[in-house]
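*Asks:* Structure below; questions to follow.
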Amino acid sequence: MRQVPRDPGLTARMFFTMFLLAALYLLFIGVLYQAGVGFTGLVLIAGGMLLLQYFFADRLVLLSTGAKVLRPEEAPELHAIVYRLAVQAGIPKPRVALVPTPVPNAFATGRSPGHAVVAVTQGLLDRLNQQEVEAVLAHELSHVRNWDMAVMTMASFFATVASFLMRYFFFFSGGIFGNDREDRGNSAVLVYIASLLVWAISYLLIMAISRYREFAADRGSAYLTGAPANLRSALVKISGSQLTRAQGLGQGQGQAISAFLIIPSAQSAGETIAELFSTHPSLKHRLAYLEELEREINH
C-alpha cells in the first residue's frame, strides 16, 4: 500500500490560520461589545452561527449545489472506488454524493473525516475516464485525510458572520444599540467598518491556506493513485470545459463554495495577478507541481 507523506507545512498553516482567525474574531467581538451590543446579541451572533456552521455546514454545501447523497446500490462502482481509496488513505469511507449538472467538478465537505461527504458532478463522470475520476476522488479524499476540509469549514464561519453583519446590521442596529440616535449611528458605523475589515482579512487568510491545501491534496492524489498524470489530465479537462467557465458551481454562490471545488469557476490556465486573490493556485502551477511529483514518485 502506497503511503502518503505527511505535510507538516499544511499542519502549521492550518494552526496558524485558525489562531489568526480566532484572534481576529475575538477582537471583532470586543468591538461589538464596545459598540454597545448586549450579551444576548453577542450570544446570538457568535454562538448561534458557529453551531449552525459547524454542525450543518455539509448540508448547507450540498443544498446550495443541489447534490444528492447516493446509496451504494445507486452507484456501486463509484462507492467501490471511494471505499478503496479511503482504506488506502486510512480514513472512514465518506458519504458519496452526485450533483446533477453537466458542469465537471468535485468537492469534499464536512466537519471531520467521520462526517465527510465527497461529491462529484454528472459532468465529471461523463467527461473523465475511470482513471481520471479515481485521481479526482483521491484528491478530495486527501482533503478529508488532511483535515483541511474541516478547517476550511470553520474558517469560513468568520467571514460568514462578518458578511452577514455587513448586509443586515443597519436594519437591526436600532434594536441592538438602544434609543439614542447619535450613539446608535456612531456604533453602527463602527461595527460596519469592523465587519468589513474582518471579512476582508478573513478571506485573505482563507485564500492563502486554500491555495496551499490544493497543492497538498494534489500530492495526496499522486501518492494514493501512483499516477500523477491522471490528475493532470483530469484538471486540464475540467479547467478547459466551457461549462466550467460559464456555469461553474461557484457562480453566484461566493468564495465559500468555490474554495471547496477542485477547480473554481472561471479558473484561468495562465499566471495572472488574480491568483493572489484566488482560492486555488493557477492551473499552470498545479500541472508543473504534478510533473515534479511524477519524477519524485518514479525515483
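Order determines the names: the first chain of the C-alpha cells is A, the second B, and so forth; residues in each chain are numbered 1 upward, and ligands are numbered 1 upward as they are shown.
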Counting only C-alpha atoms, what is within 8 Å of Leu293 in chain A, bar same-chain residues fewer than 4 positions away, as a ChimeraX atom specification?
*Replies:* /A:219,222,228,289,297
*Asks:* As a PyMOL selection string, please: the residues near Ile262 in chain A (cut-off 9 Å, only C-alpha atoms, same-chain neighbours under 3 positions excluded).
*Replies:* chain A and resi 105-108+136+139-140+214+235+238+258-259+280
*Asks:* Generate the output file for the selected residues, N, CA and C atoms, as a PDB file, in the first residue's frame.
*Replies:*
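result.pdb, freshly written:
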ATOM      1  N   ASN A 105     -16.957  18.872 -12.116  1.00  0.00           N
ATOM      2  CA  ASN A 105     -16.297  19.364 -10.914  1.00  0.00           C
ATOM      3  C   ASN A 105     -16.482  18.355  -9.793  1.00  0.00           C
ATOM      4  N   ALA A 106     -15.851  18.634  -8.646  1.00  0.00           N
ATOM      5  CA  ALA A 106     -15.950  17.752  -7.485  1.00  0.00           C
ATOM      6  C   ALA A 106     -15.574  18.555  -6.246  1.00  0.00           C
ATOM      7  N   PHE A 107     -16.023  18.076  -5.084  1.00  0.00           N
ATOM      8  CA  PHE A 107     -15.662  18.737  -3.835  1.00  0.00           C
ATOM      9  C   PHE A 107     -15.863  17.781  -2.667  1.00  0.00           C
ATOM     10  N   ALA A 108     -15.298  18.138  -1.531  1.00  0.00           N
ATOM     11  CA  ALA A 108     -15.493  17.406  -0.281  1.00  0.00           C
ATOM     12  C   ALA A 108     -15.868  18.402   0.794  1.00  0.00           C
ATOM     13  N   VAL A 136      -9.314  12.281  -9.258  1.00  0.00           N
ATOM     14  CA  VAL A 136     -10.069  13.382  -8.665  1.00  0.00           C
ATOM     15  C   VAL A 136     -10.599  12.992  -7.284  1.00  0.00           C
ATOM     16  N   HIS A 139      -7.911  13.081  -4.786  1.00  0.00           N
ATOM     17  CA  HIS A 139      -7.658  14.471  -4.399  1.00  0.00           C
ATOM     18  C   HIS A 139      -8.621  14.896  -3.293  1.00  0.00           C
ATOM     19  N   GLU A 140      -9.912  14.606  -3.478  1.00  0.00           N
ATOM     20  CA  GLU A 140     -10.911  15.008  -2.489  1.00  0.00           C
ATOM     21  C   GLU A 140     -10.739  14.254  -1.180  1.00  0.00           C
ATOM     22  N   GLU A 214      -4.657  22.951  -1.751  1.00  0.00           N
ATOM     23  CA  GLU A 214      -4.874  22.312  -3.053  1.00  0.00           C
ATOM     24  C   GLU A 214      -3.621  21.592  -3.521  1.00  0.00           C
ATOM     25  N   LEU A 235      -7.478  17.609 -14.508  1.00  0.00           N
ATOM     26  CA  LEU A 235      -7.521  19.050 -14.266  1.00  0.00           C
ATOM     27  C   LEU A 235      -7.610  19.827 -15.573  1.00  0.00           C
ATOM     28  N   ILE A 238     -11.228  19.455 -16.866  1.00  0.00           N
ATOM     29  CA  ILE A 238     -12.193  20.226 -16.079  1.00  0.00           C
ATOM     30  C   ILE A 238     -12.014  21.711 -16.324  1.00  0.00           C
ATOM     31  N   SER A 258     -16.774  28.139  -3.763  1.00  0.00           N
ATOM     32  CA  SER A 258     -15.691  27.983  -4.726  1.00  0.00           C
ATOM     33  C   SER A 258     -14.446  27.376  -4.092  1.00  0.00           C
ATOM     34  N   ALA A 259     -14.183  27.704  -2.834  1.00  0.00           N
ATOM     35  CA  ALA A 259     -12.987  27.203  -2.167  1.00  0.00           C
ATOM     36  C   ALA A 259     -12.995  25.696  -2.002  1.00  0.00           C
ATOM     37  N   HIS A 280      -7.598  29.090  -5.348  1.00  0.00           N
ATOM     38  CA  HIS A 280      -6.817  27.999  -5.930  1.00  0.00           C
ATOM     39  C   HIS A 280      -5.566  28.537  -6.622  1.00  0.00           C
TER      40      HIS A 280
END
*Asks:* Find the spatial neighbours of Lys68 in chain A, counting only C-alpha atoms, within a cut-off of 10 Å - ignore same-chain residues fewer than 4 positions away - and output them as JSON, numbers by chain.
*Replies:* {"A": [62, 63, 96, 97, 98, 99, 100, 119, 120]}
*Asks:* Between A:Val103, A:Ala138, A:Met149, A:Leu10, which residue has the minimum interatomic distance to Gly123 in chain A, considering only C-alpha atoms?
*Replies:*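 The closest residue to Gly123 in chain A is A:Val103.
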*Asks:* One number please: CA of Lys284 in chain A to CA of Met18 in chain A, in Å, one decimal.
*Replies:* 28.6 Å
*Asks:* When you count only C-alpha atoms, which of these residues is closest to Tyr54 in chain A: A:Val118, A:Leu190, A:Met152, A:Leu205?
*Replies:*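 Counting only C-alpha atoms, the residue closest to Tyr54 in chain A is A:Met152.
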*Asks:* Taking the chain letters and numbering used in this document, name the residues of range 20-230 of chain A that DSSP puts in strand (DSSP E or B), as an mmCIF file with N, CA and C atoms, in the first residue's frame.
*Replies:*
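As written to disk, out-v2.cif reads:
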data_model
loop_
_atom_site.group_PDB
_atom_site.id
_atom_site.type_symbol
_atom_site.label_atom_id
_atom_site.label_comp_id
_atom_site.auth_asym_id
_atom_site.auth_seq_id
_atom_site.Cartn_x
_atom_site.Cartn_y
_atom_site.Cartn_z
ATOM 1 N N LYS A 68 -27.041 15.245 -4.237
ATOM 2 C CA LYS A 68 -27.850 14.196 -3.625
ATOM 3 C C LYS A 68 -26.934 13.072 -3.158
ATOM 4 N N VAL A 69 -27.056 12.694 -1.885
ATOM 5 C CA VAL A 69 -26.257 11.594 -1.351
ATOM 6 C C VAL A 69 -26.758 10.284 -1.953
ATOM 7 N N LEU A 70 -25.822 9.487 -2.461
ATOM 8 C CA LEU A 70 -26.156 8.241 -3.150
ATOM 9 C C LEU A 70 -25.959 7.034 -2.244
ATOM 10 N N ARG A 95 -19.482 9.635 2.883
ATOM 11 C CA ARG A 95 -20.655 9.508 2.039
ATOM 12 C C ARG A 95 -20.321 9.993 0.633
ATOM 13 N N VAL A 96 -21.073 9.515 -0.329
ATOM 14 C CA VAL A 96 -20.844 9.862 -1.732
ATOM 15 C C VAL A 96 -22.080 10.573 -2.254
ATOM 16 N N ALA A 97 -21.869 11.702 -2.929
ATOM 17 C CA ALA A 97 -22.991 12.482 -3.445
ATOM 18 C C ALA A 97 -22.778 12.799 -4.920
ATOM 19 N N LEU A 98 -23.878 13.042 -5.606
ATOM 20 C CA LEU A 98 -23.844 13.382 -7.026
ATOM 21 C C LEU A 98 -24.583 14.690 -7.239
ATOM 22 N N VAL A 99 -23.949 15.596 -7.992
ATOM 23 C CA VAL A 99 -24.588 16.859 -8.368
ATOM 24 C C VAL A 99 -25.088 16.704 -9.803
ATOM 25 N N ALA A 106 -15.851 18.634 -8.646
ATOM 26 C CA ALA A 106 -15.950 17.752 -7.485
ATOM 27 C C ALA A 106 -15.574 18.555 -6.246
ATOM 28 N N PHE A 107 -16.023 18.076 -5.084
ATOM 29 C CA PHE A 107 -15.662 18.737 -3.835
ATOM 30 C C PHE A 107 -15.863 17.781 -2.667
ATOM 31 N N ALA A 108 -15.298 18.138 -1.531
ATOM 32 C CA ALA A 108 -15.493 17.406 -0.281
ATOM 33 C C ALA A 108 -15.868 18.402 0.794
ATOM 34 N N THR A 109 -16.719 17.992 1.709
ATOM 35 C CA THR A 109 -17.130 18.880 2.784
ATOM 36 C C THR A 109 -17.416 18.054 4.031
ATOM 37 N N VAL A 117 -18.369 14.198 3.280
ATOM 38 C CA VAL A 117 -19.103 13.891 2.059
ATOM 39 C C VAL A 117 -18.203 14.227 0.878
ATOM 40 N N VAL A 118 -18.075 13.307 -0.055
ATOM 41 C CA VAL A 118 -17.348 13.548 -1.295
ATOM 42 C C VAL A 118 -18.375 13.586 -2.416
ATOM 43 N N ALA A 119 -18.379 14.667 -3.181
ATOM 44 C CA ALA A 119 -19.381 14.840 -4.239
ATOM 45 C C ALA A 119 -18.707 15.026 -5.589
ATOM 46 N N VAL A 120 -19.313 14.440 -6.592
ATOM 47 C CA VAL A 120 -18.882 14.636 -7.976
ATOM 48 C C VAL A 120 -20.098 15.048 -8.784
ATOM 49 N N THR A 121 -19.861 15.714 -9.891
ATOM 50 C CA THR A 121 -20.964 16.092 -10.763
ATOM 51 C C THR A 121 -21.154 15.048 -11.864
#
*Asks:* Counting only C-alpha atoms, which of A:Ser282, A:Ser241, A:Ser221, A:Ser112 gets nearest to Glu294 in chain A?
*Replies:*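 Of all the options, A:Ser221 lies closest to Glu294 in chain A.
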*Asks:* Can you pull out every residue within 7 Å of range 125-133 of chain A, counting only C-alpha atoms, but drop anything in the same chain fewer than 2 positions away, and send it as an MDAnalysis selection string?
*Replies:* chainID A and resid 121:123 135:137 230:231 233:234
*Asks:* Using DSSP secondary structure from the backbone, list all helix (DSSP H, G or I) positions within range 103-143 of chain A, as a tab-separated table (two decimals) with C-alpha atoms, in the first residue's frame.
*Replies:*
chain	number	residue	atom	x	y	z
A	113	PRO	CA	-13.33	12.61	8.46
A	114	GLY	CA	-16.15	10.77	10.21
A	115	HIS	CA	-18.73	13.25	8.91
A	122	GLN	CA	-22.59	14.14	-13.56
A	123	GLY	CA	-20.50	16.17	-15.97
A	124	LEU	CA	-17.32	14.91	-14.32
A	125	LEU	CA	-18.41	11.29	-14.68
A	126	ASP	CA	-19.40	11.87	-18.31
A	127	ARG	CA	-16.21	13.68	-19.41
A	130	GLN	CA	-12.17	5.93	-14.86
A	131	GLN	CA	-8.52	6.63	-14.05
A	132	GLU	CA	-9.13	10.38	-14.09
A	133	VAL	CA	-12.23	10.04	-11.90
A	134	GLU	CA	-10.19	7.99	-9.45
A	135	ALA	CA	-7.48	10.68	-9.38
A	136	VAL	CA	-10.07	13.38	-8.67
A	137	LEU	CA	-11.64	11.31	-5.88
A	138	ALA	CA	-8.17	10.69	-4.41
A	139	HIS	CA	-7.66	14.47	-4.40
A	140	GLU	CA	-10.91	15.01	-2.49
A	141	LEU	CA	-10.19	12.20	-0.03
A	142	SER	CA	-6.80	13.81	0.62
A	143	HIS	CA	-8.66	16.92	1.79
*Asks:* Would you please work out which residue, of A:Val43, A:Ala67, A:Val61, A:Ile81, is nearest to Arg111 in chain A when using only C-alpha atoms?
*Replies:*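 Closest residue, counting only C-alpha atoms: A:Val61.
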